>>> print(open('final_35.txt').read())   # compact mmCIF, C-alpha atoms (C1' of nucleotides)
# COMPACT_ATOMS: atom_id res chain seq x y z
CA MET A 1 119.44 174.15 -17.67
CA PRO A 2 119.59 171.13 -15.38
CA GLU A 3 117.05 168.36 -15.37
CA ILE A 4 114.09 168.49 -13.07
CA SER A 5 115.07 168.44 -9.43
CA GLU A 6 113.03 167.53 -6.39
CA LEU A 7 114.22 170.61 -4.60
CA SER A 8 111.38 172.99 -3.79
CA ILE A 9 112.86 176.45 -3.98
CA ALA A 10 109.75 177.93 -2.47
CA ARG A 11 110.16 175.77 0.57
CA LEU A 12 113.86 176.48 0.81
CA THR A 13 113.09 180.18 0.65
CA ARG A 14 110.64 179.92 3.52
CA VAL A 15 113.03 177.97 5.67
CA LEU A 16 115.85 180.41 5.08
CA GLU A 17 113.54 183.32 5.83
CA ASP A 18 112.70 181.66 9.11
CA PHE A 19 116.34 181.26 10.04
CA THR A 20 116.92 184.87 9.15
CA ARG A 21 114.18 185.86 11.53
CA MET A 22 115.69 183.68 14.22
CA HIS A 23 119.04 185.36 13.83
CA ILE A 24 117.61 188.81 13.79
CA ARG A 25 115.69 188.23 16.97
CA LEU A 26 118.77 187.15 18.83
CA PRO A 27 118.94 189.47 21.82
CA ALA A 28 122.11 191.44 22.48
CA GLU A 29 123.92 192.46 25.61
CA ARG A 30 125.44 195.51 24.15
CA ARG A 31 123.41 198.18 22.50
CA LEU A 32 124.78 198.40 19.00
CA SER A 33 122.87 199.27 15.91
CA PHE A 34 122.09 196.93 13.14
CA THR A 35 124.55 198.35 10.65
CA THR A 36 127.22 198.73 13.30
CA LEU A 37 127.24 195.02 14.02
CA SER A 38 127.40 194.35 10.33
CA VAL A 39 130.46 196.53 9.95
CA LEU A 40 132.23 194.86 12.86
CA HIS A 41 131.45 191.53 11.31
CA THR A 42 132.78 192.55 7.94
CA LEU A 43 135.99 193.85 9.45
CA ALA A 44 136.48 190.82 11.68
CA GLY A 45 135.97 188.52 8.73
CA GLY A 46 137.65 190.33 5.91
CA GLY A 47 140.33 192.40 7.57
CA PRO A 48 140.86 196.18 7.41
CA LYS A 49 138.76 198.09 4.92
CA ARG A 50 138.43 201.62 3.62
CA LEU A 51 135.41 203.65 4.48
CA THR A 52 134.21 203.58 0.89
CA GLU A 53 134.50 199.81 0.79
CA LEU A 54 132.40 199.55 3.92
CA ALA A 55 129.84 201.95 2.53
CA GLY A 56 129.50 199.75 -0.51
CA SER A 57 129.23 196.46 1.30
CA GLU A 58 126.79 197.73 3.91
CA GLN A 59 124.70 199.65 1.43
CA VAL A 60 124.63 202.87 3.37
CA THR A 61 126.18 206.17 2.37
CA GLN A 62 129.81 206.93 2.94
CA SER A 63 128.71 209.70 5.26
CA ALA A 64 126.93 207.21 7.49
CA ILE A 65 130.06 205.05 7.65
CA THR A 66 132.24 208.00 8.62
CA GLN A 67 129.90 208.83 11.47
CA MET A 68 129.62 205.24 12.62
CA VAL A 69 133.36 204.65 12.55
CA THR A 70 133.88 207.80 14.58
CA LYS A 71 131.52 206.46 17.17
CA LEU A 72 133.03 202.98 17.16
CA GLU A 73 136.48 204.50 17.52
CA ARG A 74 135.37 206.41 20.62
CA GLU A 75 134.11 203.13 22.04
CA GLY A 76 137.38 201.36 21.29
CA LEU A 77 135.92 198.81 18.89
CA VAL A 78 137.77 199.92 15.78
CA GLU A 79 140.82 202.03 14.91
CA ARG A 80 141.60 204.29 11.99
CA HIS A 81 145.00 203.88 10.36
CA PRO A 82 146.35 205.71 7.32
CA ASP A 83 146.50 203.69 4.14
CA PRO A 84 150.20 203.53 3.19
CA SER A 85 149.32 203.21 -0.47
CA ASP A 86 146.95 206.18 -0.65
CA GLY A 87 147.22 209.32 1.42
CA ARG A 88 143.54 210.13 1.11
CA ALA A 89 142.32 206.82 2.42
CA VAL A 90 141.76 205.46 5.90
CA LEU A 91 141.93 201.80 6.81
CA VAL A 92 139.54 200.77 9.51
CA HIS A 93 140.81 197.96 11.72
CA VAL A 94 138.73 196.06 14.23
CA THR A 95 140.23 195.95 17.73
CA ALA A 96 140.34 192.93 20.00
CA ALA A 97 137.32 194.33 21.82
CA GLY A 98 135.44 194.68 18.58
CA ALA A 99 136.32 191.17 17.46
CA ALA A 100 135.18 189.85 20.83
CA ILE A 101 131.72 191.23 20.22
CA VAL A 102 131.50 189.51 16.87
CA ASP A 103 132.74 186.24 18.31
CA GLY A 104 130.36 186.48 21.21
CA ARG A 105 127.38 186.90 18.98
CA ARG A 106 128.42 184.01 16.80
CA ALA A 107 128.82 181.85 19.89
CA GLU A 108 125.26 182.67 20.85
CA ARG A 109 124.05 181.57 17.45
CA VAL A 110 126.04 178.38 17.62
CA ALA A 111 124.63 177.64 21.06
CA ARG A 112 121.11 178.26 19.87
CA LEU A 113 121.50 176.07 16.81
CA SER A 114 123.18 173.36 18.88
CA GLU A 115 120.16 173.14 21.14
CA LEU A 116 117.92 172.74 18.17
CA ALA A 117 120.16 170.21 16.45
CA ASP A 118 120.31 168.15 19.60
CA ARG A 119 116.61 167.64 19.38
CA LEU A 120 116.73 166.30 15.84
CA THR A 121 117.04 162.61 15.11
CA SER A 122 120.47 161.48 14.05
CA ALA A 123 119.09 160.85 10.57
CA GLU A 124 117.94 164.44 10.41
CA ARG A 125 121.28 165.74 11.56
CA ALA A 126 122.98 163.60 8.96
CA ALA A 127 120.72 165.03 6.27
CA VAL A 128 121.61 168.57 7.28
CA ALA A 129 125.30 167.70 7.38
CA ALA A 130 125.06 166.20 3.91
CA ALA A 131 123.46 169.38 2.56
CA LEU A 132 125.99 171.79 4.06
CA PRO A 133 128.51 171.70 1.21
CA ALA A 134 125.78 172.42 -1.32
CA LEU A 135 124.39 175.28 0.77
CA ALA A 136 127.86 176.72 1.16
CA ARG A 137 128.34 176.52 -2.56
CA MET A 138 125.11 178.42 -3.16
CA VAL A 139 126.46 181.22 -1.00
CA GLU A 140 129.71 181.17 -2.88
CA LEU A 141 127.96 181.25 -6.24
CA HIS A 142 126.01 184.24 -5.01
CA SER A 143 128.99 186.28 -3.96
CA THR A 144 130.90 185.65 -7.15
CA ALA A 145 127.83 186.51 -9.20
CA ILE A 146 127.42 189.74 -7.30
CA GLY A 147 130.98 190.73 -7.82
CA ASP A 148 131.83 190.79 -4.14
CA PRO A 149 135.22 189.46 -3.27
CA PRO A 150 134.89 185.75 -2.44
CA ILE A 151 134.04 185.26 1.18
CA GLU A 152 137.07 184.74 3.33
CA ARG A 153 136.71 181.86 5.63
CA GLY A 154 139.50 182.67 8.02
CA ALA A 155 137.58 184.48 10.68
CA GLY A 156 134.09 185.53 10.02
CA GLU A 157 132.25 187.61 7.50
CA SER A 158 128.59 187.28 6.92
CA ASP A 159 126.64 188.56 9.85
CA SER A 160 125.30 191.66 8.26
CA GLY A 161 122.26 192.90 9.97
CA THR A 162 121.62 189.71 11.74
CA ASP A 163 120.09 191.49 14.66
CA THR A 164 117.18 193.11 16.25
CA PRO A 165 116.31 196.39 14.57
CA ARG A 166 118.09 198.49 17.12
CA ASP A 167 119.34 195.60 19.17
CA SER A 168 117.95 197.66 21.92
CA ALA A 169 114.34 196.93 22.68
CA ARG A 170 115.53 194.90 25.59
CA ARG A 171 117.94 197.44 27.00
CA MET B 1 122.15 164.13 24.80
CA PRO B 2 122.28 162.40 21.45
CA GLU B 3 125.23 160.47 20.19
CA ILE B 4 127.95 162.18 18.26
CA SER B 5 126.76 163.60 14.98
CA GLU B 6 128.76 164.58 11.96
CA LEU B 7 126.92 167.85 11.74
CA SER B 8 129.21 170.81 12.26
CA ILE B 9 127.11 173.44 13.96
CA ALA B 10 129.80 176.02 13.47
CA ARG B 11 129.66 175.49 9.76
CA LEU B 12 125.89 175.50 9.70
CA THR B 13 125.93 178.77 11.60
CA ARG B 14 128.25 180.36 9.05
CA VAL B 15 126.18 179.22 6.14
CA LEU B 16 122.99 180.51 7.67
CA GLU B 17 124.64 183.81 8.47
CA ASP B 18 125.64 184.08 4.84
CA PHE B 19 122.12 183.47 3.66
CA THR B 20 120.88 186.06 6.09
CA ARG B 21 123.27 188.56 4.59
CA MET B 22 122.09 187.62 1.10
CA HIS B 23 118.49 188.24 2.07
CA ILE B 24 119.21 191.48 3.80
CA ARG B 25 121.04 192.84 0.82
CA LEU B 26 118.16 192.19 -1.49
CA PRO B 27 117.34 195.54 -3.01
CA ALA B 28 113.83 196.91 -2.83
CA GLU B 29 111.68 198.88 -5.22
CA ARG B 30 109.60 200.51 -2.61
CA ARG B 31 111.14 202.46 0.19
CA LEU B 32 109.91 200.76 3.32
CA SER B 33 111.76 200.48 6.56
CA PHE B 34 113.14 197.33 7.94
CA THR B 35 110.59 196.91 10.70
CA THR B 36 107.76 197.92 8.41
CA LEU B 37 108.47 195.06 6.04
CA SER B 38 108.66 192.73 8.97
CA VAL B 39 105.23 193.80 10.18
CA LEU B 40 103.70 193.36 6.75
CA HIS B 41 105.24 189.94 6.57
CA THR B 42 103.92 188.94 9.96
CA LEU B 43 100.42 190.12 9.09
CA ALA B 44 100.45 188.46 5.68
CA GLY B 45 101.57 185.20 7.19
CA GLY B 46 99.73 185.05 10.48
CA GLY B 47 96.58 187.06 9.86
CA PRO B 48 95.30 190.11 11.76
CA LYS B 49 97.13 190.99 14.95
CA ARG B 50 96.80 193.44 17.78
CA LEU B 51 99.29 196.23 18.14
CA THR B 52 100.66 194.68 21.30
CA GLU B 53 101.21 191.37 19.55
CA LEU B 54 103.12 193.10 16.79
CA ALA B 55 105.20 195.02 19.29
CA GLY B 56 106.18 191.75 20.93
CA SER B 57 107.01 189.90 17.75
CA GLU B 58 108.98 192.75 16.21
CA GLN B 59 110.76 193.67 19.41
CA VAL B 60 110.03 197.34 19.25
CA THR B 61 107.87 199.35 21.62
CA GLN B 62 104.13 199.50 21.28
CA SER B 63 104.44 203.18 20.61
CA ALA B 64 106.60 202.51 17.58
CA ILE B 65 104.01 200.09 16.24
CA THR B 66 101.22 202.60 16.68
CA GLN B 67 103.15 205.15 14.68
CA MET B 68 104.12 202.69 11.99
CA VAL B 69 100.60 201.34 11.59
CA THR B 70 99.30 204.90 11.27
CA LYS B 71 101.74 205.48 8.46
CA LEU B 72 100.98 202.16 6.76
CA GLU B 73 97.27 202.91 6.99
CA ARG B 74 97.77 206.23 5.24
CA GLU B 75 99.59 204.36 2.48
CA GLY B 76 96.80 201.79 2.16
CA LEU B 77 98.91 198.81 3.13
CA VAL B 78 97.06 197.90 6.33
CA GLU B 79 93.70 198.64 7.94
CA ARG B 80 92.65 199.04 11.54
CA HIS B 81 89.51 197.21 12.65
CA PRO B 82 88.01 197.06 16.14
CA ASP B 83 88.51 193.79 17.98
CA PRO B 84 84.97 192.43 18.58
CA SER B 85 86.13 190.57 21.66
CA ASP B 86 87.89 193.49 23.35
CA GLY B 87 86.84 197.10 23.09
CA ARG B 88 90.30 198.39 23.92
CA ALA B 89 92.07 196.51 21.20
CA VAL B 90 92.60 197.11 17.50
CA LEU B 91 93.13 194.41 14.94
CA VAL B 92 95.54 195.30 12.16
CA HIS B 93 94.73 193.68 8.82
CA VAL B 94 97.01 193.67 5.82
CA THR B 95 95.36 194.91 2.62
CA ALA B 96 95.75 193.37 -0.82
CA ALA B 97 98.30 196.06 -1.64
CA GLY B 98 100.25 195.21 1.49
CA ALA B 99 100.18 191.50 0.76
CA ALA B 100 101.36 192.18 -2.77
CA ILE B 101 104.50 193.78 -1.41
CA VAL B 102 105.27 190.78 0.74
CA ASP B 103 104.63 188.41 -2.13
CA GLY B 104 106.76 190.44 -4.45
CA ARG B 105 109.71 190.35 -2.15
CA ARG B 106 109.39 186.64 -1.64
CA ALA B 107 109.26 186.14 -5.38
CA GLU B 108 112.56 188.00 -5.67
CA ARG B 109 114.12 185.69 -3.13
CA VAL B 110 112.78 182.63 -4.85
CA ALA B 111 114.15 183.88 -8.15
CA ARG B 112 117.53 184.52 -6.66
CA LEU B 113 117.71 181.13 -4.99
CA SER B 114 116.49 179.45 -8.15
CA GLU B 115 119.38 180.88 -10.11
CA LEU B 116 121.81 179.59 -7.56
CA ALA B 117 120.18 176.18 -7.31
CA ASP B 118 120.29 175.84 -11.08
CA ARG B 119 124.03 176.01 -10.92
CA LEU B 120 124.34 173.19 -8.43
CA THR B 121 124.78 169.61 -9.51
CA SER B 122 121.70 167.47 -9.29
CA ALA B 123 123.31 165.57 -6.43
CA GLU B 124 123.76 168.82 -4.55
CA ARG B 125 120.16 169.81 -5.14
CA ALA B 126 119.04 166.42 -3.92
CA ALA B 127 121.11 166.83 -0.76
CA VAL B 128 119.49 170.20 -0.06
CA ALA B 129 116.06 168.77 -0.73
CA ALA B 130 116.75 165.91 1.66
CA ALA B 131 117.76 168.32 4.40
CA LEU B 132 114.76 170.62 4.07
CA PRO B 133 112.44 168.70 6.42
CA ALA B 134 115.09 168.67 9.12
CA LEU B 135 115.81 172.38 8.68
CA ALA B 136 112.10 173.13 8.83
CA ARG B 137 111.87 171.13 12.01
CA MET B 138 114.68 173.13 13.58
CA VAL B 139 112.73 176.29 12.90
CA GLU B 140 109.64 174.72 14.38
CA LEU B 141 111.51 173.58 17.48
CA HIS B 142 112.78 177.11 17.86
CA SER B 143 109.41 178.78 17.74
CA THR B 144 107.83 176.38 20.19
CA ALA B 145 110.76 176.78 22.55
CA ILE B 146 110.46 180.53 22.38
CA GLY B 147 106.80 180.45 23.17
CA ASP B 148 105.76 182.02 19.92
CA PRO B 149 102.68 180.62 18.35
CA PRO B 150 103.69 177.88 15.92
CA ILE B 151 104.42 179.32 12.53
CA GLU B 152 101.43 179.22 10.25
CA ARG B 153 102.30 177.91 6.87
CA GLY B 154 99.28 179.16 4.98
CA ALA B 155 100.68 182.35 3.62
CA GLY B 156 103.94 183.62 4.89
CA GLU B 157 105.41 184.65 8.21
CA SER B 158 109.11 184.88 8.71
CA ASP B 159 110.60 187.71 6.77
CA SER B 160 111.40 189.93 9.68
CA GLY B 161 114.05 192.40 8.86
CA THR B 162 115.18 190.60 5.83
CA ASP B 163 116.16 193.81 4.16
CA THR B 164 118.62 196.51 3.61
CA PRO B 165 118.87 198.78 6.63
CA ARG B 166 116.64 201.43 5.23
CA ASP B 167 115.88 199.62 2.03
CA SER B 168 116.80 202.88 0.52
CA ALA B 169 120.48 203.24 -0.22
CA ARG B 170 119.77 202.57 -3.82
CA ARG B 171 117.02 205.12 -4.27
C1' DG C 1 78.19 197.97 41.53
C1' DC C 2 81.87 200.80 42.28
C1' DA C 3 86.93 201.55 43.66
C1' DA C 4 91.45 199.90 42.50
C1' DC C 5 94.13 197.71 39.37
C1' DT C 6 95.49 196.16 34.82
C1' DT C 7 95.78 196.30 29.81
C1' DA C 8 95.49 198.52 24.90
C1' DA C 9 96.32 202.24 22.32
C1' DT C 10 97.58 206.99 21.57
C1' DT C 11 100.15 211.30 22.00
C1' DA C 12 104.18 214.22 22.83
C1' DA C 13 108.95 215.22 23.17
C1' DG C 14 113.56 213.78 22.74
C1' DT C 15 117.36 210.79 20.58
C1' DT C 16 119.82 208.46 17.01
C1' DA C 17 121.05 206.75 12.63
C1' DC C 18 120.61 207.70 8.63
C1' DT C 19 120.49 210.84 3.77
C1' DG C 20 121.95 214.60 0.75
C1' DA C 21 124.80 218.26 -0.25
C1' DT C 22 129.03 220.35 0.19
C1' DA C 23 133.90 221.08 1.21
C1' DC C 24 138.48 219.80 1.05
C1' DA C 25 142.79 217.22 0.76
C1' DG C 26 145.35 213.88 -1.88
C1' DT C 27 145.87 211.34 -6.49
C1' DT C 28 145.87 210.74 -11.37
C1' DT C 29 145.94 212.48 -16.13
C1' DG C 30 146.92 215.44 -20.10
C1' DC D 1 150.90 222.13 -12.94
C1' DA D 2 146.03 222.59 -13.88
C1' DA D 3 141.89 219.88 -14.37
C1' DA D 4 139.43 216.08 -13.15
C1' DC D 5 138.73 212.47 -9.98
C1' DT D 6 138.59 209.96 -5.49
C1' DG D 7 138.31 209.32 -0.39
C1' DT D 8 136.93 211.36 3.78
C1' DA D 9 134.75 214.68 6.71
C1' DT D 10 131.15 218.06 8.07
C1' DC D 11 126.59 220.00 8.42
C1' DA D 12 121.71 220.31 8.17
C1' DG D 13 117.56 217.82 7.77
C1' DT D 14 114.54 213.64 8.20
C1' DA D 15 112.55 209.23 9.64
C1' DA D 16 112.29 205.74 12.94
C1' DC D 17 112.74 204.89 16.92
C1' DT D 18 112.69 205.72 22.50
C1' DT D 19 110.50 207.01 27.18
C1' DA D 20 106.90 209.03 29.69
C1' DA D 21 102.37 210.50 30.29
C1' DT D 22 97.29 210.18 29.00
C1' DT D 23 92.92 208.14 27.85
C1' DA D 24 89.84 204.48 27.57
C1' DA D 25 88.19 199.77 28.33
C1' DG D 26 88.31 195.49 30.89
C1' DT D 27 88.93 192.77 35.41
C1' DT D 28 88.77 191.85 40.31
C1' DG D 29 87.30 191.95 45.12
C1' DC D 30 84.34 193.12 48.46
>>> encode(input="final_35.txt", output="structure tokens")
Amino acid sequence: MPEISELSIARLTRVLEDFTRMHIRLPAERRLSFTTLSVLHTLAGGGPKRLTELAGSEQVTQSAITQMVTKLEREGLVERHPDPSDGRAVLVHVTAAGAAIVDGRRAERVARLSELADRLTSAERAAVAAALPALARMVELHSTAIGDPPIERGAGESDSGTDTPRDSARR
Amino acid sequence: MPEISELSIARLTRVLEDFTRMHIRLPAERRLSFTTLSVLHTLAGGGPKRLTELAGSEQVTQSAITQMVTKLEREGLVERHPDPSDGRAVLVHVTAAGAAIVDGRRAERVARLSELADRLTSAERAAVAAALPALARMVELHSTAIGDPPIERGAGESDSGTDTPRDSARR
DNA sequence: GCAACTTAATTAAGTTACTGATACAGTTTG
DNA sequence: CAAACTGTATCAGTAACTTAATTAAGTTGC
């Protein structure tokens, strides 16, 4: 156990909760459900996945994933391909249109955070920059502890339900 | 526009997205919906609110709030009281049982983050601690920009949908 | 001080995203 | 190759939403 640190976990928790709320409130153009956006994000970040894998990572039933993927396929956001290594399985791929949605939402978040960062002092920005590696490592420690595959940093991963409950509300 | 900063907003965005996902995946004992937990959190943090206020802050319709509050009242988690200053309005108060749920969930988050922080180096913890005021100020800048009332730091506020889609999934 | 408008909450009916329980095809195992 | 297992799909039911309409209380203008 490490020596006493000045870091207030309670305060960190509050701040992260607040950012979560900010992300969730981000309005959306397109009317996609919470879990749907999470699936697109997972696929865009981690590449093609089986339905069962998605069910596990999104914490909904496999049945729900089947239904959602069917809907997303109709909308042209994902595609089903057979898994060459297992005749029972299906690999869900995100399409360019699906990836564009994920990218668009991330761009909105970046824009929003940029506005806020611009209003900080340069000392404050430097403090945040200095903390980023440690925060990233906390995330990494979490995913390895949980047994998830380590987060791939090529494209995306990580949105999850970062949206308004139904993303609707503002039609 | 401020001078060039070393802060990578893109990276900050990713890290915050990851924390959001961590929070959302936090399993729950009690089976409460996403929006329900958010309402409890808002009430526990900001005190009694009208139904219309809740509808605005949760981004669902007023009708949905009416139905949810009715259900929460049956379960003893909130109470309806008349608004002395407006005969049309109702003030929704969180009960001790309701507040206990919010506190319990926060405690889980604190515990989880504590574990992770324990595994950082003391230099990393210090870096996070040094960044906390700036991160808190970003949140504050956000809420004032949005026109929300400034976040009250007496009790809570901020959870929002920080939960598994239906919080069920793991019965 | 009352008619016209606005605002707060409720109610009712419909939609959607989920769950749970099967069913079934393909894979592994003895 | 039969038995057991795994991955996906289907179906029926439920819970949380939506929109639209209703009731009641407050506000405004003359």
>>> closest_atom_pairs(input="final_35.txt", of="chain A", to="chain D", cutoff="9 Å", atoms="only C-alpha atoms (C1' of nucleotides)", output="Markdown table")
| residue | atom | partner | partner_atom | distance |
| --- | --- | --- | --- | --- |
| A:Arg50 | CA | D:DG7 | C1' | 8.7 |
| A:Leu51 | CA | D:DT8 | C1' | 7.9 |
| A:Thr52 | CA | D:DG7 | C1' | 7.2 |
| A:Gln62 | CA | D:DT8 | C1' | 8.4 |
| A:Ser63 | CA | D:DA9 | C1' | 8.0 |
| A:Thr66 | CA | D:DA9 | C1' | 7.4 |
| A:Gln67 | CA | D:DA9 | C1' | 9.0 |
| A:Arg88 | CA | D:DG7 | C1' | 5.5 |
| A:Ala89 | CA | D:DG7 | C1' | 5.5 |
| A:Val90 | CA | D:DT8 | C1' | 7.9 |
| A:Arg166 | CA | D:DC17 | C1' | 8.3 |
| A:Ala169 | CA | D:DT18 | C1' | 8.9 |
>>> interface_residues(input="final_35.txt", of="chain A", to="chain C", cutoff="8 Å", atoms="only C-alpha atoms (C1' of nucleotides)", output="ChimeraX atom specification")
/A:61,64,86-88
>>> atom_distance(input="final_35.txt", atom1="atom CA of Leu7 of chain A", atom2="atom CA of Leu16 of chain B")
18.0 Å
>>> residues_around(input="final_35.txt", residues="Glu115 of chain A", least_positions_apart="3", cutoff="12 Å", atoms="all atoms listed in the file", output="PyMOL selection string")
(chain A and resi 108-112+118-120) or (chain B and resi 1-2+9+138-139+141-142+145)
>>> residues_around(input="final_35.txt", residues="Ala123 of chain A", least_positions_apart="5", cutoff="10 Å", atoms="all atoms listed in the file", output="list in words")
Val128 and Ala129 of chain A; Ser5, Ala131 and Ala134 of chain B
>>> atom_distance(input="final_35.txt", atom1="atom CA of Ser85 of chain B", atom2="atom CA of Ala100 of chain B")
28.8 Å
>>> residues_around(input="final_35.txt", residues="Leu77 of chain B", least_positions_apart="3", cutoff="12 Å", atoms="only C-alpha atoms (C1' of nucleotides)", output="list of chain:residue names")
B:Leu32, B:Thr36, B:Leu37, B:Val39, B:Leu40, B:His41, B:Leu43, B:Ala44, B:Met68, B:Val69, B:Thr70, B:Lys71, B:Leu72, B:Glu73, B:Arg74, B:Arg80, B:Val92, B:His93, B:Val94, B:Thr95, B:Ala96, B:Ala97, B:Gly98, B:Ala99, B:Ala100, B:Ile101, B:Val102
>>> atom_distance(input="final_35.txt", atom1="atom CA of Ala126 of chain B", atom2="atom CA of Ile24 of chain A")
28.6 Å
